[in-house]
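Have a look at the structure below, then the notes.
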Amino acid sequence: MAGLGWRMRALTGAGAWAAWAVGTTILISTGWQGGGVLAVFFVASTAVSRVLPPKVNAQDAKGDRRDAWQVLANGSVAAGGALFGLAEPALGMWLLTVSLAASASDTWATAVGTWSGKTPRDLRTGLSVAPGTSGGVTVPGTIGAIGGATVVATSGAVVAESLGLLLAGTLLGLLGMAVDSLLGGAAQGRFYCPECERPTERSVHRCGAPAILKKGWRWFSNDLVNFCAIAVAAFTGWAVWQWWP
Ligand SMILES: [Zn+2]
């Protein structure tokens with residue numbers, strides 16, 4: 001799958017190796033059930049970005065090939081959660097599904113939101129922001145988020161034969177997306193490239209020029225925001241699991 005992702009130009013070379021490590025951990029920990037959920041996640045996330053070309057140029061996307069940091073930001077919590085499956089298989093599936101649902105929710109929200117061309121608003125302040133800005137939300141993007149979380153949660157619920165996982169996966173997937181928007185809007189580093197006179201989310205712009213910090217924390221990258229959002233969803237999933245009948 002990782003090799004195929006690289007061939008299809010969905011992953012960079014390092015991204016493919018990271019995906020291989022995440023995928024192998026998930027397969028060893030949760031078997032074909034977890035592998036199936038991962039496959040659904042990967043196909044759905046890749047497809048939605050390909051089928052819905054953005055109407056507006058999302059500001060400063062890294063490009064549609066995922067690098068190793070993006071893969072680990074999205075996959076390391078899922079792999080870590082899956083490891084619990086070695087001791088308690090149902091818990092491993094639960095944490096894996098919740099993590100991947102949160103990640104898919106964010107990917108689908110971005111893809112559907114930028115495809116719709118609607119002007120996003122900052123979830124915290126309610127002010128309009130440029131499309132693709134972290135923290136910005138739109139109605140179509142939110143519907144997309146529900147779609148992404150539901151697709152992954154459904155696949156987990158089917159293979160784990162757990163209706164509770166459908167509910168938990170969908171709701172906690174959306175929780176992850178909400179945390180992602182709040183953290184992205186409040187704390188993520190925002191920069192400005194003086195060479196290109198464009199806003200950017202990277203401390204070194206893609207043109208190579210060092211960008212000026214405008215807002216947020218310099219070290220708090222979009223990858224780190226994704227990682228934290230998924231971790232919050234997974235940890236909440238773990239807490240719900242303790243309480244679930
Ligand atoms: Zn530049």
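Identifiers for the structure tokens are assigned positionally: chains receive A, B, ... in sequence, residues are indexed from 1 per chain, and ligands are indexed from 1 in the order shown.
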Exercise. Could you pull the residues within 10 Å of Gly147 in chain A, counting only C-alpha atoms, minus those fewer than 6 positions along the same chain, as number ranges by chain?
Worked result: A: 101, 104-105, 108-109, 112, 141, 153, 170, 174
For this session: Output the neighbourhood of ligand 1 as a ChimeraX atom specification, that is, all protein and nucleic acid residues with some atom at most 6 Å from the ligand, counting only C-alpha atoms and all ligand atoms.
Result: /A:193,195-196,205-207,209
Exercise. Restricting the calculation to only C-alpha atoms, which member of A:Gly36, A:Gly176, A:Gly189, A:Gly80 is positioned closest to Val232 in chain A?
Worked result: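 The closest residue to Val232 in chain A is A:Gly176.
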DSSP says helix (DSSP H, G or I) for which residues of range 1-242 of chain A? Put them as a PDB file with C-alpha atoms, in the first residue's frame?
ATOM      1  CA  ALA A   2       2.826   2.406   0.911  1.00  0.00           C
ATOM      2  CA  GLY A   3       4.603   1.602  -2.373  1.00  0.00           C
ATOM      3  CA  LEU A   4       1.373   2.126  -4.278  1.00  0.00           C
ATOM      4  CA  GLY A   5       0.868   5.461  -2.506  1.00  0.00           C
ATOM      5  CA  TRP A   6       4.332   6.523  -3.607  1.00  0.00           C
ATOM      6  CA  ARG A   7       3.697   5.364  -7.199  1.00  0.00           C
ATOM      7  CA  GLY A  13       9.688   8.582  -0.627  1.00  0.00           C
ATOM      8  CA  ALA A  14      10.201   9.276   3.089  1.00  0.00           C
ATOM      9  CA  GLY A  15       6.426   9.501   3.484  1.00  0.00           C
ATOM     10  CA  ALA A  16       6.094   6.006   2.002  1.00  0.00           C
ATOM     11  CA  TRP A  17       8.624   4.604   4.503  1.00  0.00           C
ATOM     12  CA  ALA A  18       6.765   6.283   7.380  1.00  0.00           C
ATOM     13  CA  ALA A  19       3.470   4.884   6.051  1.00  0.00           C
ATOM     14  CA  TRP A  20       5.060   1.438   5.842  1.00  0.00           C
ATOM     15  CA  ALA A  21       6.144   1.657   9.520  1.00  0.00           C
ATOM     16  CA  VAL A  22       2.691   2.856  10.631  1.00  0.00           C
ATOM     17  CA  GLY A  23       0.920   0.220   8.509  1.00  0.00           C
ATOM     18  CA  THR A  24       3.140  -2.633   9.700  1.00  0.00           C
ATOM     19  CA  THR A  25       2.620  -1.670  13.358  1.00  0.00           C
ATOM     20  CA  ILE A  26      -1.155  -1.583  12.806  1.00  0.00           C
ATOM     21  CA  LEU A  27      -1.183  -4.955  10.986  1.00  0.00           C
ATOM     22  CA  ILE A  28       0.920  -6.669  13.658  1.00  0.00           C
ATOM     23  CA  SER A  29      -1.159  -5.171  16.500  1.00  0.00           C
ATOM     24  CA  THR A  30      -4.691  -5.444  15.141  1.00  0.00           C
ATOM     25  CA  GLY A  31      -4.454  -7.957  12.277  1.00  0.00           C
ATOM     26  CA  TRP A  32      -6.515  -7.785   9.094  1.00  0.00           C
ATOM     27  CA  GLN A  33      -9.353  -5.927  10.829  1.00  0.00           C
ATOM     28  CA  GLY A  34      -7.092  -2.959  11.629  1.00  0.00           C
ATOM     29  CA  GLY A  35      -5.450  -3.276   8.197  1.00  0.00           C
ATOM     30  CA  GLY A  36      -8.894  -3.028   6.612  1.00  0.00           C
ATOM     31  CA  VAL A  37      -9.753   0.173   8.487  1.00  0.00           C
ATOM     32  CA  LEU A  38      -6.356   1.630   7.519  1.00  0.00           C
ATOM     33  CA  ALA A  39      -6.976   0.747   3.850  1.00  0.00           C
ATOM     34  CA  VAL A  40     -10.415   2.423   3.924  1.00  0.00           C
ATOM     35  CA  PHE A  41      -8.862   5.487   5.582  1.00  0.00           C
ATOM     36  CA  PHE A  42      -6.041   5.697   3.033  1.00  0.00           C
ATOM     37  CA  VAL A  43      -8.232   5.197  -0.047  1.00  0.00           C
ATOM     38  CA  ALA A  44     -10.914   7.604   1.239  1.00  0.00           C
ATOM     39  CA  SER A  45      -8.391  10.323   2.186  1.00  0.00           C
ATOM     40  CA  THR A  46      -6.547  10.094  -1.128  1.00  0.00           C
ATOM     41  CA  ALA A  47      -9.733   9.889  -3.187  1.00  0.00           C
ATOM     42  CA  VAL A  48     -11.426  12.913  -1.625  1.00  0.00           C
ATOM     43  CA  SER A  49      -8.466  15.184  -2.439  1.00  0.00           C
ATOM     44  CA  ARG A  50      -8.341  13.851  -6.014  1.00  0.00           C
ATOM     45  CA  VAL A  51     -12.062  13.848  -6.768  1.00  0.00           C
ATOM     46  CA  ALA A  68       7.050  11.718   6.474  1.00  0.00           C
ATOM     47  CA  TRP A  69       6.072  14.370   9.049  1.00  0.00           C
ATOM     48  CA  GLN A  70       2.525  14.565   7.714  1.00  0.00           C
ATOM     49  CA  VAL A  71       2.249  10.771   7.753  1.00  0.00           C
ATOM     50  CA  LEU A  72       3.568  10.540  11.322  1.00  0.00           C
ATOM     51  CA  ALA A  73       1.407  13.462  12.499  1.00  0.00           C
ATOM     52  CA  ASN A  74      -1.631  11.589  11.203  1.00  0.00           C
ATOM     53  CA  GLY A  75      -0.518   7.982  11.763  1.00  0.00           C
ATOM     54  CA  SER A  76       1.632   7.778  14.889  1.00  0.00           C
ATOM     55  CA  VAL A  77      -1.290   8.066  17.351  1.00  0.00           C
ATOM     56  CA  ALA A  78      -3.237   5.446  15.340  1.00  0.00           C
ATOM     57  CA  ALA A  79      -0.239   3.096  15.425  1.00  0.00           C
ATOM     58  CA  GLY A  80       0.308   3.749  19.144  1.00  0.00           C
ATOM     59  CA  GLY A  81      -3.375   3.108  19.858  1.00  0.00           C
ATOM     60  CA  ALA A  82      -3.286  -0.076  17.780  1.00  0.00           C
ATOM     61  CA  LEU A  83      -0.440  -1.385  19.992  1.00  0.00           C
ATOM     62  CA  PHE A  84      -2.995  -1.684  22.820  1.00  0.00           C
ATOM     63  CA  GLY A  85      -4.531  -4.388  20.642  1.00  0.00           C
ATOM     64  CA  LEU A  86      -1.655  -6.721  21.517  1.00  0.00           C
ATOM     65  CA  PRO A  89      -7.764  -6.608  20.735  1.00  0.00           C
ATOM     66  CA  ALA A  90     -11.078  -4.712  20.998  1.00  0.00           C
ATOM     67  CA  LEU A  91      -9.379  -1.708  22.660  1.00  0.00           C
ATOM     68  CA  GLY A  92      -6.741  -1.634  19.905  1.00  0.00           C
ATOM     69  CA  MET A  93      -9.459  -1.503  17.222  1.00  0.00           C
ATOM     70  CA  TRP A  94     -11.324   1.167  19.189  1.00  0.00           C
ATOM     71  CA  LEU A  95      -8.309   3.500  19.520  1.00  0.00           C
ATOM     72  CA  LEU A  96      -7.165   2.862  15.944  1.00  0.00           C
ATOM     73  CA  THR A  97     -10.599   3.672  14.523  1.00  0.00           C
ATOM     74  CA  VAL A  98     -11.047   6.828  16.620  1.00  0.00           C
ATOM     75  CA  SER A  99      -7.578   8.119  15.615  1.00  0.00           C
ATOM     76  CA  LEU A 100      -8.074   7.445  11.901  1.00  0.00           C
ATOM     77  CA  ALA A 101     -11.607   8.908  12.019  1.00  0.00           C
ATOM     78  CA  ALA A 102     -10.204  12.143  13.508  1.00  0.00           C
ATOM     79  CA  SER A 103      -7.545  12.280  10.810  1.00  0.00           C
ATOM     80  CA  ALA A 104     -10.018  11.552   7.968  1.00  0.00           C
ATOM     81  CA  SER A 105     -12.407  14.132   9.382  1.00  0.00           C
ATOM     82  CA  ASP A 106      -9.754  16.848   9.101  1.00  0.00           C
ATOM     83  CA  THR A 107      -8.654  15.755   5.596  1.00  0.00           C
ATOM     84  CA  TRP A 108     -12.232  15.668   4.294  1.00  0.00           C
ATOM     85  CA  ALA A 109     -13.082  19.004   5.920  1.00  0.00           C
ATOM     86  CA  THR A 110     -10.136  20.642   4.151  1.00  0.00           C
ATOM     87  CA  ALA A 111     -10.861  18.963   0.800  1.00  0.00           C
ATOM     88  CA  VAL A 112     -14.614  19.685   0.763  1.00  0.00           C
ATOM     89  CA  GLY A 113     -14.151  23.163   2.277  1.00  0.00           C
ATOM     90  CA  THR A 114     -11.607  24.338  -0.314  1.00  0.00           C
ATOM     91  CA  TRP A 115     -13.572  22.650  -3.137  1.00  0.00           C
ATOM     92  CA  SER A 116     -16.728  24.561  -2.146  1.00  0.00           C
ATOM     93  CA  VAL A 139     -20.529  24.597   6.409  1.00  0.00           C
ATOM     94  CA  PRO A 140     -19.564  22.320   3.442  1.00  0.00           C
ATOM     95  CA  GLY A 141     -16.244  21.555   5.179  1.00  0.00           C
ATOM     96  CA  THR A 142     -18.069  20.546   8.351  1.00  0.00           C
ATOM     97  CA  ILE A 143     -20.372  18.255   6.355  1.00  0.00           C
ATOM     98  CA  GLY A 144     -17.216  16.806   4.777  1.00  0.00           C
ATOM     99  CA  ALA A 145     -15.768  16.271   8.255  1.00  0.00           C
ATOM    100  CA  ILE A 146     -18.852  14.286   9.262  1.00  0.00           C
ATOM    101  CA  GLY A 147     -18.499  12.241   6.028  1.00  0.00           C
ATOM    102  CA  GLY A 148     -14.823  11.425   6.610  1.00  0.00           C
ATOM    103  CA  ALA A 149     -15.352  10.449  10.247  1.00  0.00           C
ATOM    104  CA  THR A 150     -18.424   8.344   9.385  1.00  0.00           C
ATOM    105  CA  VAL A 151     -16.697   6.399   6.578  1.00  0.00           C
ATOM    106  CA  VAL A 152     -13.788   5.385   8.817  1.00  0.00           C
ATOM    107  CA  ALA A 153     -15.987   4.768  11.880  1.00  0.00           C
ATOM    108  CA  THR A 154     -18.292   2.551   9.780  1.00  0.00           C
ATOM    109  CA  SER A 155     -15.391   0.434   8.539  1.00  0.00           C
ATOM    110  CA  GLY A 156     -14.133   0.002  12.134  1.00  0.00           C
ATOM    111  CA  ALA A 157     -17.630  -0.818  13.407  1.00  0.00           C
ATOM    112  CA  VAL A 158     -18.115  -3.458  10.674  1.00  0.00           C
ATOM    113  CA  VAL A 159     -14.833  -5.319  11.178  1.00  0.00           C
ATOM    114  CA  ALA A 160     -14.985  -5.054  14.990  1.00  0.00           C
ATOM    115  CA  LEU A 163     -22.186  -0.507  16.936  1.00  0.00           C
ATOM    116  CA  GLY A 164     -20.692   1.552  19.775  1.00  0.00           C
ATOM    117  CA  LEU A 165     -17.582   2.091  17.675  1.00  0.00           C
ATOM    118  CA  LEU A 166     -19.675   3.662  14.899  1.00  0.00           C
ATOM    119  CA  LEU A 167     -20.986   6.232  17.362  1.00  0.00           C
ATOM    120  CA  ALA A 168     -17.701   6.791  19.222  1.00  0.00           C
ATOM    121  CA  GLY A 169     -15.624   6.901  16.028  1.00  0.00           C
ATOM    122  CA  THR A 170     -17.896   9.453  14.353  1.00  0.00           C
ATOM    123  CA  LEU A 171     -18.299  11.732  17.390  1.00  0.00           C
ATOM    124  CA  LEU A 172     -14.674  11.576  18.531  1.00  0.00           C
ATOM    125  CA  GLY A 173     -13.522  12.024  14.934  1.00  0.00           C
ATOM    126  CA  LEU A 174     -15.482  15.285  14.894  1.00  0.00           C
ATOM    127  CA  LEU A 175     -14.063  16.213  18.292  1.00  0.00           C
ATOM    128  CA  GLY A 176     -10.585  15.830  16.779  1.00  0.00           C
ATOM    129  CA  MET A 177     -11.541  18.109  13.886  1.00  0.00           C
ATOM    130  CA  ALA A 178     -12.897  20.736  16.298  1.00  0.00           C
ATOM    131  CA  VAL A 179      -9.714  20.615  18.419  1.00  0.00           C
ATOM    132  CA  ASP A 180      -7.704  20.888  15.209  1.00  0.00           C
ATOM    133  CA  SER A 181      -9.604  24.039  14.184  1.00  0.00           C
ATOM    134  CA  LEU A 182      -9.345  25.630  17.643  1.00  0.00           C
ATOM    135  CA  LEU A 183      -5.624  24.893  18.057  1.00  0.00           C
ATOM    136  CA  GLY A 184      -4.911  25.811  14.438  1.00  0.00           C
ATOM    137  CA  GLY A 185      -6.673  29.149  14.838  1.00  0.00           C
ATOM    138  CA  ALA A 186      -5.346  29.971  18.292  1.00  0.00           C
ATOM    139  CA  ASN A 222       0.280  22.350  11.226  1.00  0.00           C
ATOM    140  CA  ASP A 223       1.676  18.800  11.613  1.00  0.00           C
ATOM    141  CA  LEU A 224       1.958  19.315  15.379  1.00  0.00           C
ATOM    142  CA  VAL A 225      -1.607  20.710  15.504  1.00  0.00           C
ATOM    143  CA  ASN A 226      -2.843  17.571  13.676  1.00  0.00           C
ATOM    144  CA  PHE A 227      -0.904  15.327  16.047  1.00  0.00           C
ATOM    145  CA  CYS A 228      -2.336  17.051  19.156  1.00  0.00           C
ATOM    146  CA  ALA A 229      -5.906  16.991  17.795  1.00  0.00           C
ATOM    147  CA  ILE A 230      -5.745  13.257  17.039  1.00  0.00           C
ATOM    148  CA  ALA A 231      -4.101  12.585  20.411  1.00  0.00           C
ATOM    149  CA  VAL A 232      -6.962  14.390  22.199  1.00  0.00           C
ATOM    150  CA  ALA A 233      -9.517  12.298  20.241  1.00  0.00           C
ATOM    151  CA  ALA A 234      -7.642   9.048  21.007  1.00  0.00           C
ATOM    152  CA  PHE A 235      -7.218   9.857  24.700  1.00  0.00           C
ATOM    153  CA  THR A 236     -10.910  10.721  24.992  1.00  0.00           C
ATOM    154  CA  GLY A 237     -11.609   7.428  23.168  1.00  0.00           C
ATOM    155  CA  TRP A 238      -9.557   5.607  25.778  1.00  0.00           C
ATOM    156  CA  ALA A 239     -11.505   7.333  28.593  1.00  0.00           C
ATOM    157  CA  VAL A 240     -14.862   6.472  26.937  1.00  0.00           C
ATOM    158  CA  TRP A 241     -13.709   2.864  26.527  1.00  0.00           C
ATOM    159  CA  GLN A 242     -13.151   2.587  30.301  1.00  0.00           C
TER     160      GLN A 242
END
Exercise. Hey, can you check how far CA of Ala187 in chain A sits from CA of Thr133 in chain A?
Worked result: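 About the pair CA of Ala187 in chain A and CA of Thr133 in chain A: they are 12.5 Å apart.
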For this session: Please return as a PyMOL selection string: the residues of range 1-217 of chain A that backbone DSSP assigns to strand (DSSP E).
Result: chain A and resi 121-122+136-137+190-193+198-200+212-215
Could the residues in this selection be saved with C-alpha atoms as a CSV table (one decimal), in the first residue's frame?
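Output (result03.csv):
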chain,number,residue,atom,x,y,z
A,121,ARG,CA,-14.6,31.7,9.4
A,122,ASP,CA,-12.3,31.3,12.3
A,136,GLY,CA,-11.1,28.3,9.4
A,137,VAL,CA,-14.4,26.4,9.1
A,190,ARG,CA,1.5,32.0,11.0
A,191,PHE,CA,4.1,33.6,8.9
A,192,TYR,CA,4.5,36.1,6.1
A,193,CYS,CA,7.0,35.8,3.2
A,198,ARG,CA,2.2,36.2,0.7
A,199,PRO,CA,1.0,34.7,4.0
A,200,THR,CA,2.3,31.2,4.8
A,212,ILE,CA,8.3,36.5,9.5
A,213,LEU,CA,6.3,35.3,12.4
A,214,LYS,CA,2.9,37.1,12.5
A,215,LYS,CA,0.9,35.1,15.0
Problem set entry | Point-to-point distance from CA of Leu52 in chain A to CA of Pro120 in chain A, Å rounded to tenths |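 Atom-to-atom, CA of Leu52 in chain A and CA of Pro120 in chain A are spaced 17.2 Å apart.
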Problem set entry | Point-to-point distance from CA of Pro131 in chain A to CA of Glu197 in chain A, Å rounded to tenths |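 Interatomic distance, CA of Pro131 in chain A to CA of Glu197 in chain A: 17.0 Å.
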